[in-house]
file protein_27.tsv (TSV, C-alpha atoms and all ligand atoms)
chain	number	residue	atom	x	y	z
V	1	MET	CA	37.38	-9.26	-8.05
V	2	ASN	CA	33.82	-8.14	-8.55
V	3	THR	CA	31.37	-10.87	-9.44
V	4	SER	CA	27.69	-11.21	-10.26
V	5	PHE	CA	25.32	-10.92	-7.35
V	6	HIS	CA	23.53	-14.09	-6.26
V	7	PRO	CA	21.12	-13.38	-3.44
V	8	THR	CA	20.19	-16.27	-1.18
V	9	PRO	CA	16.53	-17.08	-1.82
V	10	ARG	CA	14.56	-16.02	1.27
V	11	THR	CA	11.00	-16.43	2.43
V	12	LEU	CA	9.69	-12.90	2.90
V	13	MET	CA	7.21	-12.58	5.75
V	14	GLY	CA	7.92	-9.05	6.85
V	15	PRO	CA	6.08	-5.79	6.14
V	16	GLY	CA	7.31	-5.81	2.53
V	17	PRO	CA	8.64	-6.65	0.10
V	18	SER	CA	6.65	-9.87	-0.03
V	19	ASP	CA	7.58	-13.03	-1.92
V	20	VAL	CA	7.45	-12.43	-5.66
V	21	HIS	CA	5.71	-15.06	-7.75
V	22	PRO	CA	7.96	-16.71	-10.37
V	23	ARG	CA	5.48	-15.65	-13.06
V	24	VAL	CA	6.10	-12.01	-12.16
V	25	LEU	CA	9.88	-12.43	-12.16
V	26	GLY	CA	9.60	-14.27	-15.47
V	27	ALA	CA	7.58	-11.44	-17.00
V	28	MET	CA	10.21	-8.94	-15.91
V	29	GLY	CA	12.93	-10.90	-17.68
V	30	LYS	CA	11.27	-10.50	-21.10
V	31	ALA	CA	12.88	-8.38	-23.81
V	32	THR	CA	12.93	-4.67	-23.14
V	33	ILE	CA	11.08	-2.66	-25.77
V	34	GLY	CA	10.69	1.09	-26.21
V	35	HIS	CA	8.46	2.96	-23.80
V	36	LEU	CA	6.51	4.39	-26.77
V	37	ASP	CA	6.45	1.14	-28.77
V	38	PRO	CA	2.86	0.40	-29.83
V	39	GLU	CA	3.07	-2.96	-28.05
V	40	PHE	CA	4.08	-1.23	-24.86
V	41	VAL	CA	1.26	1.29	-25.28
V	42	GLY	CA	-1.13	-1.67	-25.48
V	43	LEU	CA	0.32	-3.01	-22.24
V	44	MET	CA	-0.17	0.39	-20.59
V	45	GLU	CA	-3.88	0.27	-21.44
V	46	GLU	CA	-4.15	-3.21	-19.95
V	47	ILE	CA	-2.38	-2.12	-16.79
V	48	LYS	CA	-4.84	0.74	-16.29
V	49	ASP	CA	-7.80	-1.60	-16.86
V	50	LEU	CA	-6.43	-4.16	-14.40
V	51	MET	CA	-5.80	-1.38	-11.89
V	52	ARG	CA	-9.45	-0.29	-12.18
V	53	TYR	CA	-10.52	-3.87	-11.50
V	54	THR	CA	-8.27	-4.15	-8.45
V	55	PHE	CA	-9.20	-0.74	-6.99
V	56	ARG	CA	-12.87	-1.29	-7.88
V	57	THR	CA	-13.14	1.98	-9.68
V	58	SER	CA	-14.12	3.38	-13.06
V	59	ASN	CA	-11.86	6.42	-12.58
V	60	LEU	CA	-10.34	7.55	-15.88
V	61	LEU	CA	-7.36	9.06	-14.10
V	62	THR	CA	-5.80	5.78	-13.00
V	63	LEU	CA	-2.12	5.14	-13.59
V	64	PRO	CA	1.05	3.60	-12.19
V	65	LEU	CA	3.89	5.85	-11.05
V	66	SER	CA	7.52	4.99	-11.74
V	67	ALA	CA	8.46	5.13	-8.08
V	68	PRO	CA	7.51	3.29	-4.86
V	69	GLY	CA	4.49	3.73	-2.59
V	70	SER	CA	6.01	6.74	-0.85
V	71	ALA	CA	5.95	8.60	-4.17
V	72	ALA	CA	2.24	7.89	-4.58
V	73	MET	CA	1.62	9.38	-1.14
V	74	GLU	CA	3.57	12.43	-2.17
V	75	ALA	CA	1.74	12.59	-5.52
V	76	ALA	CA	-1.64	12.51	-3.77
V	77	TYR	CA	-0.84	15.53	-1.61
V	78	ALA	CA	1.21	17.37	-4.24
V	79	ASN	CA	-1.63	17.28	-6.75
V	80	LEU	CA	-4.62	17.97	-4.48
V	81	LEU	CA	-3.13	20.45	-2.03
V	82	GLU	CA	-2.28	24.08	-2.73
V	83	PRO	CA	-0.30	26.22	-0.31
V	84	GLY	CA	-2.60	27.43	2.47
V	85	ASP	CA	-5.17	24.66	1.96
V	86	LYS	CA	-6.31	23.04	5.16
V	87	ALA	CA	-5.94	19.25	5.37
V	88	ILE	CA	-7.03	16.93	8.16
V	89	VAL	CA	-4.70	13.96	8.54
V	90	CYS	CA	-5.61	11.03	10.78
V	91	ILE	CA	-2.60	9.50	12.48
V	92	ASN	CA	-2.53	6.04	14.05
V	93	GLY	CA	0.96	4.96	13.04
V	94	VAL	CA	4.06	5.74	10.99
V	95	PHE	CA	2.39	6.26	7.64
V	96	GLY	CA	-0.18	8.73	8.97
V	97	MET	CA	2.76	10.70	10.37
V	98	ARG	CA	4.29	10.75	6.91
V	99	MET	CA	1.05	12.07	5.44
V	100	ALA	CA	1.17	14.92	7.96
V	101	GLU	CA	4.77	15.63	6.97
V	102	ASN	CA	3.71	15.85	3.32
V	103	VAL	CA	1.06	18.45	4.16
V	104	ARG	CA	3.61	20.51	6.15
V	105	ARG	CA	6.20	20.41	3.40
V	106	MET	CA	3.70	21.42	0.73
V	107	GLY	CA	2.67	24.49	2.67
V	108	GLY	CA	-0.73	23.18	3.69
V	109	GLU	CA	-2.44	24.05	6.95
V	110	LEU	CA	-2.31	20.81	8.93
V	111	VAL	CA	-4.93	19.55	11.37
V	112	THR	CA	-4.19	16.16	12.92
V	113	VAL	CA	-6.53	13.62	14.43
V	114	GLU	CA	-4.50	11.23	16.55
V	115	ASP	CA	-5.30	7.75	17.74
V	116	GLU	CA	-3.24	5.38	19.79
V	117	TRP	CA	-0.92	3.05	17.89
V	118	GLY	CA	-2.58	-0.33	17.50
V	119	THR	CA	-6.10	1.13	17.29
V	120	GLN	CA	-8.23	2.30	14.38
V	121	VAL	CA	-8.75	5.86	13.22
V	122	ASP	CA	-11.73	6.94	15.34
V	123	PRO	CA	-14.58	8.28	13.16
V	124	GLU	CA	-15.91	10.33	16.11
V	125	LYS	CA	-12.62	12.20	16.35
V	126	LEU	CA	-12.62	12.84	12.62
V	127	LEU	CA	-16.18	14.13	12.85
V	128	ALA	CA	-15.20	16.52	15.65
V	129	ALA	CA	-12.25	17.80	13.57
V	130	LEU	CA	-14.51	18.28	10.54
V	131	ASN	CA	-16.98	20.28	12.66
V	132	ASP	CA	-14.16	22.38	14.13
V	133	ASN	CA	-12.63	23.01	10.70
V	134	PRO	CA	-15.40	23.74	8.20
V	135	ASP	CA	-12.78	25.21	5.85
V	136	ALA	CA	-10.85	21.90	5.56
V	137	LYS	CA	-10.48	20.72	1.97
V	138	ILE	CA	-8.83	17.33	2.32
V	139	VAL	CA	-9.01	14.36	4.69
V	140	GLY	CA	-6.20	11.81	4.55
V	141	PHE	CA	-5.77	8.53	6.40
V	142	VAL	CA	-4.22	5.09	6.08
V	143	HIS	CA	-6.45	2.13	5.26
V	144	ALA	CA	-3.99	-0.57	6.34
V	145	GLU	CA	-1.39	0.79	8.80
V	146	THR	CA	1.64	-1.39	8.18
V	147	SER	CA	3.41	-0.11	11.29
V	148	THR	CA	0.64	-1.37	13.58
V	149	GLY	CA	-1.32	-4.04	11.67
V	150	VAL	CA	-4.58	-2.08	11.96
V	151	CYS	CA	-7.34	-1.80	9.35
V	152	SER	CA	-9.38	1.42	9.48
V	153	ASP	CA	-12.93	1.86	8.23
V	154	VAL	CA	-12.49	3.49	4.81
V	155	LYS	CA	-16.22	3.62	4.05
V	156	THR	CA	-17.17	5.44	7.27
V	157	LEU	CA	-14.22	7.84	7.26
V	158	CYS	CA	-14.68	8.79	3.60
V	159	GLY	CA	-18.43	9.14	4.11
V	160	LEU	CA	-17.90	11.67	6.92
V	161	ALA	CA	-15.31	13.61	4.95
V	162	LYS	CA	-17.52	13.82	1.87
V	163	GLU	CA	-20.52	14.99	3.93
V	164	HIS	CA	-18.30	17.88	5.00
V	165	GLY	CA	-17.20	18.74	1.48
V	166	CYS	CA	-13.69	17.34	1.72
V	167	LEU	CA	-11.78	15.28	-0.81
V	168	THR	CA	-10.34	12.06	0.61
V	169	ILE	CA	-6.85	10.57	0.29
V	170	VAL	CA	-6.63	6.88	1.18
V	171	ASP	CA	-3.32	5.05	1.59
V	172	SER	CA	-3.96	1.43	0.69
V	173	VAL	CA	-0.37	0.44	-0.01
V	174	THR	CA	-0.72	-2.60	2.23
V	175	GLY	CA	-4.50	-2.87	1.87
V	176	LEU	CA	-4.97	-3.38	-1.87
V	177	ALA	CA	-5.75	-7.02	-2.77
V	178	GLY	CA	-5.28	-8.04	0.89
V	179	VAL	CA	-8.47	-6.63	2.39
V	180	GLU	CA	-11.64	-5.22	0.87
V	181	LEU	CA	-11.36	-1.83	-0.80
V	182	ASN	CA	-14.09	-0.31	-2.96
V	183	VAL	CA	-12.74	2.99	-4.22
V	184	ASP	CA	-15.90	4.17	-6.00
V	185	GLU	CA	-18.52	2.85	-3.60
V	186	TRP	CA	-16.63	4.06	-0.52
V	187	GLN	CA	-15.90	7.50	-2.04
V	188	ALA	CA	-12.12	7.53	-1.91
V	189	ASP	CA	-11.11	10.46	-4.12
V	190	VAL	CA	-7.46	9.52	-4.31
V	191	ALA	CA	-6.35	6.01	-3.44
V	192	TYR	CA	-2.90	4.62	-3.93
V	193	SER	CA	-0.94	1.42	-3.43
V	194	GLY	CA	2.40	-0.18	-4.21
V	195	THR	CA	3.74	-3.25	-5.94
V	196	GLN	CA	5.63	-4.83	-3.08
V	197	LYS	CA	2.88	-5.66	-0.57
V	198	CYS	CA	-0.18	-7.75	-1.46
V	199	LEU	CA	0.40	-7.46	-5.22
V	200	SER	CA	3.65	-9.39	-4.73
V	201	ALA	CA	5.70	-7.69	-7.41
V	202	PRO	CA	9.15	-6.28	-6.64
V	203	PRO	CA	9.28	-2.88	-4.94
V	204	GLY	CA	9.63	0.29	-6.96
V	205	ILE	CA	6.29	1.02	-8.62
V	206	SER	CA	3.12	2.52	-7.19
V	207	LEU	CA	-0.49	2.70	-8.33
V	208	ILE	CA	-2.74	5.72	-7.99
V	209	THR	CA	-6.30	6.61	-8.96
V	210	PHE	CA	-8.16	9.96	-8.90
V	211	SER	CA	-11.94	10.41	-8.85
V	212	GLN	CA	-13.53	12.94	-11.21
V	213	ALA	CA	-13.81	15.39	-8.30
V	214	ALA	CA	-10.11	14.98	-7.53
V	215	ALA	CA	-9.19	15.37	-11.21
V	216	ASP	CA	-11.32	18.53	-11.36
V	217	ARG	CA	-9.54	19.89	-8.30
V	218	VAL	CA	-6.18	19.34	-9.99
V	219	LYS	CA	-7.42	21.15	-13.12
V	220	ALA	CA	-8.73	24.08	-11.08
V	221	ARG	CA	-5.40	24.72	-9.29
V	222	ASN	CA	-4.18	28.30	-9.15
V	223	THR	CA	-0.60	27.22	-8.51
V	224	PRO	CA	1.48	24.62	-10.36
V	225	VAL	CA	1.98	21.24	-8.69
V	226	GLN	CA	5.22	21.63	-6.73
V	227	SER	CA	6.65	18.38	-8.05
V	228	TRP	CA	7.29	18.31	-11.78
V	229	PHE	CA	7.83	14.53	-11.79
V	230	LEU	CA	4.61	13.74	-9.93
V	231	ASP	CA	2.32	16.26	-11.67
V	232	VAL	CA	-0.50	14.04	-12.94
V	233	SER	CA	-1.49	16.46	-15.66
V	234	LEU	CA	1.96	16.05	-17.21
V	235	LEU	CA	2.03	12.31	-16.56
V	236	MET	CA	-1.24	11.85	-18.40
V	237	ALA	CA	0.33	13.18	-21.61
V	238	TYR	CA	2.28	9.93	-21.54
V	239	TRP	CA	-0.26	7.58	-19.96
V	240	GLU	CA	-3.32	8.85	-21.93
V	241	GLY	CA	-1.99	10.91	-24.79
V	242	GLY	CA	-2.53	14.66	-25.15
V	243	GLN	CA	-5.19	16.60	-27.08
V	244	GLY	CA	-3.91	15.23	-30.38
V	245	GLY	CA	-4.14	11.68	-29.03
V	246	GLY	CA	-0.43	10.97	-29.39
V	247	ARG	CA	1.55	9.99	-26.34
V	248	THR	CA	4.50	12.11	-25.55
V	249	TYR	CA	7.64	11.60	-23.57
V	250	HIS	CA	7.48	12.58	-19.92
V	251	HIS	CA	10.07	10.24	-18.41
V	252	THR	CA	11.21	6.84	-19.61
V	253	ALA	CA	8.90	4.33	-17.97
V	254	PRO	CA	10.65	1.39	-16.26
V	255	VAL	CA	9.49	-0.94	-19.00
V	256	ASN	CA	10.37	-4.28	-17.41
V	257	ALA	CA	8.99	-3.25	-14.04
V	258	MET	CA	5.71	-2.52	-15.83
V	259	TYR	CA	5.73	-6.06	-17.27
V	260	GLY	CA	5.97	-7.24	-13.67
V	261	LEU	CA	3.14	-5.01	-12.46
V	262	HIS	CA	0.97	-6.22	-15.34
V	263	GLU	CA	1.60	-9.88	-14.54
V	264	ALA	CA	0.95	-9.31	-10.82
V	265	LEU	CA	-2.36	-7.52	-11.51
V	266	LEU	CA	-3.33	-10.20	-14.02
V	267	MET	CA	-2.75	-12.85	-11.34
V	268	VAL	CA	-5.03	-10.97	-8.92
V	269	LYS	CA	-7.72	-10.89	-11.59
V	270	GLU	CA	-7.29	-14.56	-12.43
V	271	GLU	CA	-7.57	-15.45	-8.76
V	272	GLY	CA	-10.44	-13.01	-8.22
V	273	LEU	CA	-10.33	-10.12	-5.79
V	274	GLU	CA	-12.74	-11.69	-3.28
V	275	GLN	CA	-10.76	-14.93	-3.37
V	276	SER	CA	-7.61	-12.95	-2.71
V	277	TRP	CA	-9.17	-11.34	0.39
V	278	GLU	CA	-10.41	-14.76	1.48
V	279	LYS	CA	-6.96	-16.28	1.03
V	280	HIS	CA	-5.45	-13.65	3.32
V	281	ARG	CA	-8.12	-14.29	5.97
V	282	THR	CA	-7.60	-18.05	5.80
V	283	MET	CA	-3.81	-17.86	6.05
V	284	HIS	CA	-4.10	-15.39	8.93
V	285	ALA	CA	-6.43	-17.77	10.79
V	286	SER	CA	-3.94	-20.56	10.30
V	287	LEU	CA	-1.01	-18.43	11.53
V	288	TYR	CA	-3.09	-17.25	14.49
V	289	GLU	CA	-3.92	-20.79	15.51
V	290	ASN	CA	-0.32	-21.99	15.18
V	291	LEU	CA	1.33	-19.09	17.00
V	292	SER	CA	-1.29	-19.06	19.73
V	293	GLY	CA	-0.36	-22.72	20.17
V	294	LEU	CA	3.21	-21.58	20.84
V	295	GLY	CA	1.87	-19.23	23.53
V	296	LEU	CA	2.39	-16.10	21.40
V	297	GLU	CA	-0.07	-13.22	21.60
V	298	PHE	CA	-1.39	-10.96	18.86
V	299	VAL	CA	-1.39	-7.23	19.63
V	300	VAL	CA	-4.30	-5.93	17.58
V	301	ASP	CA	-7.97	-6.50	18.40
V	302	ALA	CA	-9.40	-9.23	16.15
V	303	SER	CA	-12.22	-6.97	14.92
V	304	TYR	CA	-9.82	-4.64	13.07
V	305	ARG	CA	-6.69	-6.75	12.72
V	306	LEU	CA	-5.12	-6.88	9.25
V	307	PRO	CA	-4.86	-10.51	8.10
V	308	GLN	CA	-1.84	-9.63	5.94
V	309	LEU	CA	0.25	-7.96	8.65
V	310	ASN	CA	0.36	-9.48	12.10
V	311	LEU	CA	1.82	-7.81	15.18
V	312	VAL	CA	2.98	-10.51	17.56
V	313	LYS	CA	4.20	-9.71	21.09
V	314	VAL	CA	7.80	-10.64	21.85
V	315	PRO	CA	7.63	-12.85	24.96
V	316	GLU	CA	9.16	-11.58	28.21
V	317	GLY	CA	12.92	-12.12	28.33
V	318	VAL	CA	13.31	-12.82	24.58
V	319	ASP	CA	15.73	-10.71	22.50
V	320	GLU	CA	13.57	-9.77	19.53
V	321	ALA	CA	16.46	-8.81	17.21
V	322	ALA	CA	18.36	-12.01	17.98
V	323	VAL	CA	15.33	-14.09	17.00
V	324	ARG	CA	14.96	-12.23	13.71
V	325	GLN	CA	18.64	-12.76	13.01
V	326	GLN	CA	18.36	-16.47	13.75
V	327	LEU	CA	15.29	-16.79	11.53
V	328	LEU	CA	17.20	-15.20	8.67
V	329	GLN	CA	20.44	-17.13	9.13
V	330	GLN	CA	19.06	-20.59	9.91
V	331	PHE	CA	15.75	-20.56	8.07
V	332	ASN	CA	16.19	-17.90	5.35
V	333	LEU	CA	13.04	-16.39	6.77
V	334	GLU	CA	12.55	-12.65	7.07
V	335	ILE	CA	10.05	-11.15	9.48
V	336	GLY	CA	9.80	-7.49	10.49
V	337	ALA	CA	10.73	-5.54	13.60
V	338	GLY	CA	8.41	-3.20	15.48
V	339	LEU	CA	8.45	0.52	14.64
V	340	GLY	CA	8.07	3.60	16.83
V	341	ALA	CA	6.05	2.85	19.94
V	342	PHE	CA	6.34	-0.88	19.17
V	343	ALA	CA	10.12	-1.02	18.61
V	344	GLY	CA	11.66	-3.95	20.50
V	345	LYS	CA	8.24	-5.14	21.68
V	346	VAL	CA	6.73	-6.85	18.65
V	347	TRP	CA	7.47	-8.74	15.48
V	348	ARG	CA	5.59	-7.88	12.32
V	349	ILE	CA	4.72	-11.00	10.38
V	350	GLY	CA	3.47	-10.41	6.88
V	351	LEU	CA	1.19	-12.71	4.90
V	352	MET	CA	0.98	-10.60	1.78
V	353	GLY	CA	0.06	-11.85	-1.67
V	354	TYR	CA	2.28	-14.76	-2.69
V	355	SER	CA	3.64	-14.88	0.86
V	356	ALA	CA	0.15	-15.86	2.08
V	357	ARG	CA	0.66	-19.58	1.62
V	358	GLN	CA	0.27	-22.55	3.94
V	359	GLU	CA	3.92	-23.57	3.49
V	360	ASN	CA	5.00	-20.12	4.71
V	361	VAL	CA	2.71	-20.34	7.71
V	362	GLN	CA	4.20	-23.74	8.59
V	363	LEU	CA	7.79	-22.56	8.08
V	364	CYS	CA	7.22	-19.50	10.25
V	365	THR	CA	5.62	-21.60	12.97
V	366	SER	CA	8.30	-24.26	13.11
V	367	ALA	CA	11.15	-21.75	12.82
V	368	LEU	CA	9.76	-19.60	15.63
V	369	ARG	CA	9.22	-22.72	17.73
V	370	ALA	CA	12.89	-23.65	17.23
V	371	CYS	CA	14.12	-20.12	18.07
V	372	LEU	CA	12.00	-19.79	21.21
V	373	SER	CA	12.67	-23.23	22.69
K	1	LIG	C1	5.02	0.37	2.43
K	1	LIG	C2	4.08	1.50	2.66
K	1	LIG	C3	4.25	2.77	2.07
K	1	LIG	C4	5.45	3.13	1.27
K	1	LIG	O1	5.68	2.30	0.21
K	1	LIG	P1	7.20	2.17	-0.36
K	1	LIG	O2	7.03	1.27	-1.52
K	1	LIG	O3	8.00	1.59	0.76
K	1	LIG	O4	7.65	3.53	-0.71
K	1	LIG	C5	3.28	3.73	2.31
K	1	LIG	N1	2.22	3.48	3.09
K	1	LIG	C6	2.03	2.30	3.69
K	1	LIG	C7	0.83	2.09	4.53
K	1	LIG	C8	2.96	1.29	3.50
K	1	LIG	O5	2.79	0.10	4.09
call {"tool": "encode", "arguments": {"input": "protein_27.tsv", "output": "structure tokens", "more": "lines below"}}
Ligand SMILES: *Cc1c(COP(=O)(O)O)cnc(C)c1O
result
Amino acid sequence: MNTSFHPTPRTLMGPGPSDVHPRVLGAMGKATIGHLDPEFVGLMEEIKDLMRYTFRTSNLLTLPLSAPGSAAMEAAYANLLEPGDKAIVCINGVFGMRMAENVRRMGGELVTVEDEWGTQVDPEKLLAALNDNPDAKIVGFVHAETSTGVCSDVKTLCGLAKEHGCLTIVDSVTGLAGVELNVDEWQADVAYSGTQKCLSAPPGISLITFSQAAADRVKARNTPVQSWFLDVSLLMAYWEGGQGGGRTYHHTAPVNAMYGLHEALLMVKEEGLEQSWEKHRTMHASLYENLSGLGLEFVVDASYRLPQLNLVKVPEGVDEAAVRQQLLQQFNLEIGAGLGAFAGKVWRIGLMGYSARQENVQLCTSALRACLS
């Protein structure tokens, strides 16, 4: 007999998804209306406004995509890059590698700047690559590398790229609302994020914004965007309305998921962006103090550590997977495993959005204490 699904409520302290606030879940349970209903169109306008607040931008071309963060990454490269265009991608973890893969698949000429996992993207290396490749058109990098817990310097990296005439693509899927990001002031041409990290809405939707220069680049393309679904010019016929002002069908927006995104963004605004960053710092400090007290070590240098994603060394002789399993089974607590170079060596403990709460810090501390004793 098939029956309804009743998931066990968990505390989510991994690399995403994060805990979803009941207000967001409540919003998503409201009545479904048409994706062209005037009330829904009003909601779309509010979502774009709240996105501009959260990204700190006045970009007109700002919209959610009906697919997760990975789709926003793909949309960024698909729209800006034409076959043969040279793109410099900075790699210091899994998501930088994925950016490079996007450039390859879209027929771009790829130049990589590589830094060791667990360290920042080095501006000096980017500068050298820019000097060696004066024909580069795009620079892409990850603001908050979720695979390593490292925060890179968006302002400096974008500044260098812009001085060399490049457009910038900034992955802030884990960064947005967790650490400072100023899209306009820091000259990010395309920045994107997702619902399931520090915005604390369920996974499945992403957020993307294009500067005027990036929008102009899209308009000036000689070749069509390779992805029909992610072509922003087509998407804007729905999200903005065409020449005649009327909005036209592109795809059916996931209406209830958009209610959730709206509520999550509204909660960031109500809290205040600076307060949200501060909350993540405070909860990180509390987790750091507690876990250090258990003799656990943090991998990433404090000066560029992400407060919302903590890489903690697995102590000598401890089976990292067994501990995660015990945390899930006994404490309904999810934390993340290490990826790539860090597989088997670290845990990734997320304090993202609604997960960044003192009760979560205490649960994680006491549960880890129990597992390790
Ligand atoms: C999670 C994440 C993504 C991908 O987002 P999905 O919603 O999983 O598709 C991309 N980049 C970074 C840095 C991420 O942390």
call {"tool": "residues_near_ligand", "arguments": {"input": "protein_27.tsv", "ligand": "ligand LIG 1 (chain K)", "cutoff": "6 Å", "atoms": "all atoms listed in the file", "output": "PyMOL selection string"}}
result
chain V and resi 68-70+95+144-146+171+173-174+194+203
call {"tool": "residues_around", "arguments": {"input": "protein_27.tsv", "residues": "Leu127 (chain V)", "least_positions_apart": "6", "cutoff": "10 Å", "atoms": "all atoms listed in the file", "output": "count of residues only"}}
result
7
call {"tool": "residues_near_point", "arguments": {"input": "protein_27.tsv", "point": "(-2.7, -18.1, 13.1)", "cutoff": "12 Å", "atoms": "all atoms listed in the file", "output": "number ranges by chain"}}
result
V: 280-298, 302, 307-312, 349-351, 356, 358, 360-362, 364-365
call {"tool": "atom_distance", "arguments": {"input": "protein_27.tsv", "atom1": "CA of Leu61 (chain V)", "atom2": "CA of Lys48 (chain V)"}}
result
9.0 Å
call {"tool": "atom_distance", "arguments": {"input": "protein_27.tsv", "atom1": "CA of Gly338 (chain V)", "atom2": "CA of Val323 (chain V)"}}
result
13.0 Å
